[in-house]
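Notes follow the structure.
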Amino acid sequence: MSRTNKTKLLLAQSLMELMETTPLERISVNDIVDQAGVGRNTFYYHFEDKFDLVNWYFQSGITQFLVEHGHYSNWPELLWDMESYFRENKVFYTNALAYTGQNCLMDYIFHFASDLFAQRMALSNPRASEREQRFAGDFLAGALMGILIPWVRSGMRGPGLSDTYDCLRALCTGDIMQILGYDLSSEPPADR
């Protein structure tokens, strides 16, 4: 592992240790560098602010997870393993996702997932337009966040990601608009 990555991991570990007792918004860069035993310049050499560190930790962790578990062809297994990943990092995700201000992890995960879903659609359906890919990415990322955030905020109790598969499959195998009772036979107003 490179020296840069070791330093980033040291800073992330220090942040995670602080997050065990302190909400993210009350942790300062000084707290992080004191915990890590490094100088402020070292922190700012690698990260813009503590939120950049949080987002880096998420991206590096989830990227490693996807590389290690990306061979799954079925969703239930992948969702189960993702749920396990979030549970293993419960303190970090519970604390980091509680913050909803500027540069928050919630926004970062949304954009990360949206890009991932859009890329997946582009690979599996090359005829899809860029607009369709973006819409699908945003729609699916929004759905994922709508399930993930309440679950994390509940302390990861109750139905998790793996429990949503059967519901998702029921929605996707039927016409979702018909299941919801909407009539799609009429055209939208022409003036919009």
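Note on naming: chains are A, B, ... as they come in the structure tokens, residues start from 1 per chain, ligands start from 1 in the order shown.
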Using 10 Å as the limit and counting only C-alpha atoms, can you tabulate each residue of stretch 4-96 of chain A that touches stretch 130-152 of chain A, with its shortest atom-to-atom distance in Å and the two atoms involved, as JSON lines?
```
{"residue": "A:Glu83", "atom": "CA", "partner": "A:Leu148", "partner_atom": "CA", "distance": 9.4}
{"residue": "A:Phe86", "atom": "CA", "partner": "A:Val152", "partner_atom": "CA", "distance": 8.5}
{"residue": "A:Arg87", "atom": "CA", "partner": "A:Val152", "partner_atom": "CA", "distance": 9.0}
{"residue": "A:Lys90", "atom": "CA", "partner": "A:Val152", "partner_atom": "CA", "distance": 8.0}
{"residue": "A:Val91", "atom": "CA", "partner": "A:Val152", "partner_atom": "CA", "distance": 9.9}
{"residue": "A:Tyr93", "atom": "CA", "partner": "A:Val152", "partner_atom": "CA", "distance": 7.2}
{"residue": "A:Thr94", "atom": "CA", "partner": "A:Val152", "partner_atom": "CA", "distance": 5.7}
{"residue": "A:Asn95", "atom": "CA", "partner": "A:Val152", "partner_atom": "CA", "distance": 9.2}
```
Serialized selection, C-alpha atoms, as a tab-separated table (two decimals), in the first residue's frame:
```
chain	number	residue	atom	x	y	z
A	83	GLU	CA	-26.33	-5.05	4.03
A	86	PHE	CA	-23.18	-1.48	6.09
A	87	ARG	CA	-23.73	-3.38	9.35
A	90	LYS	CA	-22.54	0.71	11.37
A	91	VAL	CA	-21.02	3.45	13.52
A	93	TYR	CA	-22.62	5.05	8.31
A	94	THR	CA	-25.08	5.88	11.09
A	95	ASN	CA	-23.06	8.93	12.07
```
I need the alpha helix (DSSP H) residues of stretch 20-170 of chain A per DSSP on the backbone, written as a PyMOL selection string. chain A and resi 29-36+40-46+50-69+75-88+90-96+105-124+130-153+165-170
Mind checking which residues fall within 10 Å of A:Leu105, counting only C-alpha atoms, ignoring those fewer than 5 positions away in the same chain, and posting them as a PDB file with N, CA, C and O atoms, in the first residue's frame?
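Written out: result.pdb:
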```pdb
ATOM      1  N   PHE A  51     -15.576  16.354   5.231  1.00  0.00           N
ATOM      2  CA  PHE A  51     -16.587  15.700   4.400  1.00  0.00           C
ATOM      3  C   PHE A  51     -15.947  15.028   3.193  1.00  0.00           C
ATOM      4  O   PHE A  51     -16.409  13.973   2.746  1.00  0.00           O
ATOM      5  N   ASP A  52     -14.890  15.616   2.689  1.00  0.00           N
ATOM      6  CA  ASP A  52     -14.124  14.988   1.616  1.00  0.00           C
ATOM      7  C   ASP A  52     -13.515  13.673   2.112  1.00  0.00           C
ATOM      8  O   ASP A  52     -13.508  12.666   1.397  1.00  0.00           O
ATOM      9  N   VAL A  54     -14.808  11.789   4.570  1.00  0.00           N
ATOM     10  CA  VAL A  54     -15.939  10.867   4.710  1.00  0.00           C
ATOM     11  C   VAL A  54     -16.284  10.260   3.346  1.00  0.00           C
ATOM     12  O   VAL A  54     -16.458   9.047   3.216  1.00  0.00           O
ATOM     13  N   ASN A  55     -16.382  11.104   2.329  1.00  0.00           N
ATOM     14  CA  ASN A  55     -16.735  10.628   0.989  1.00  0.00           C
ATOM     15  C   ASN A  55     -15.658   9.710   0.420  1.00  0.00           C
ATOM     16  O   ASN A  55     -15.960   8.698  -0.224  1.00  0.00           O
ATOM     17  N   TRP A  56     -14.387  10.041   0.674  1.00  0.00           N
ATOM     18  CA  TRP A  56     -13.295   9.166   0.221  1.00  0.00           C
ATOM     19  C   TRP A  56     -13.389   7.798   0.894  1.00  0.00           C
ATOM     20  O   TRP A  56     -13.225   6.769   0.247  1.00  0.00           O
ATOM     21  N   PHE A  58     -16.033   6.314   2.098  1.00  0.00           N
ATOM     22  CA  PHE A  58     -17.144   5.575   1.495  1.00  0.00           C
ATOM     23  C   PHE A  58     -16.737   5.009   0.140  1.00  0.00           C
ATOM     24  O   PHE A  58     -16.921   3.831  -0.130  1.00  0.00           O
ATOM     25  N   TYR A  93     -21.494   4.687   9.172  1.00  0.00           N
ATOM     26  CA  TYR A  93     -22.623   5.049   8.313  1.00  0.00           C
ATOM     27  C   TYR A  93     -23.758   5.709   9.091  1.00  0.00           C
ATOM     28  O   TYR A  93     -24.379   6.654   8.589  1.00  0.00           O
ATOM     29  N   ALA A  96     -22.270   9.276   9.786  1.00  0.00           N
ATOM     30  CA  ALA A  96     -22.026  10.063   8.572  1.00  0.00           C
ATOM     31  C   ALA A  96     -23.324  10.404   7.840  1.00  0.00           C
ATOM     32  O   ALA A  96     -23.459  11.497   7.290  1.00  0.00           O
ATOM     33  N   LEU A  97     -24.291   9.487   7.840  1.00  0.00           N
ATOM     34  CA  LEU A  97     -25.546   9.756   7.142  1.00  0.00           C
ATOM     35  C   LEU A  97     -26.513  10.598   7.965  1.00  0.00           C
ATOM     36  O   LEU A  97     -27.527  11.071   7.446  1.00  0.00           O
ATOM     37  N   ALA A  98     -26.202  10.831   9.229  1.00  0.00           N
ATOM     38  CA  ALA A  98     -27.028  11.719  10.050  1.00  0.00           C
ATOM     39  C   ALA A  98     -26.815  13.180   9.649  1.00  0.00           C
ATOM     40  O   ALA A  98     -27.701  14.014   9.830  1.00  0.00           O
ATOM     41  N   TYR A  99     -25.657  13.476   9.102  1.00  0.00           N
ATOM     42  CA  TYR A  99     -25.356  14.841   8.660  1.00  0.00           C
ATOM     43  C   TYR A  99     -25.946  15.055   7.269  1.00  0.00           C
ATOM     44  O   TYR A  99     -25.700  14.264   6.362  1.00  0.00           O
ATOM     45  N   THR A 100     -26.732  16.140   7.110  1.00  0.00           N
ATOM     46  CA  THR A 100     -27.396  16.381   5.822  1.00  0.00           C
ATOM     47  C   THR A 100     -27.042  17.734   5.209  1.00  0.00           C
ATOM     48  O   THR A 100     -27.718  18.192   4.304  1.00  0.00           O
ATOM     49  N   PHE A 110     -25.862   9.134  -3.388  1.00  0.00           N
ATOM     50  CA  PHE A 110     -26.869   9.242  -4.443  1.00  0.00           C
ATOM     51  C   PHE A 110     -26.193   9.360  -5.810  1.00  0.00           C
ATOM     52  O   PHE A 110     -26.518   8.625  -6.741  1.00  0.00           O
ATOM     53  N   HIS A 111     -25.241  10.274  -5.940  1.00  0.00           N
ATOM     54  CA  HIS A 111     -24.575  10.484  -7.235  1.00  0.00           C
ATOM     55  C   HIS A 111     -23.729   9.277  -7.625  1.00  0.00           C
ATOM     56  O   HIS A 111     -23.675   8.891  -8.797  1.00  0.00           O
TER      57      HIS A 111
END
```
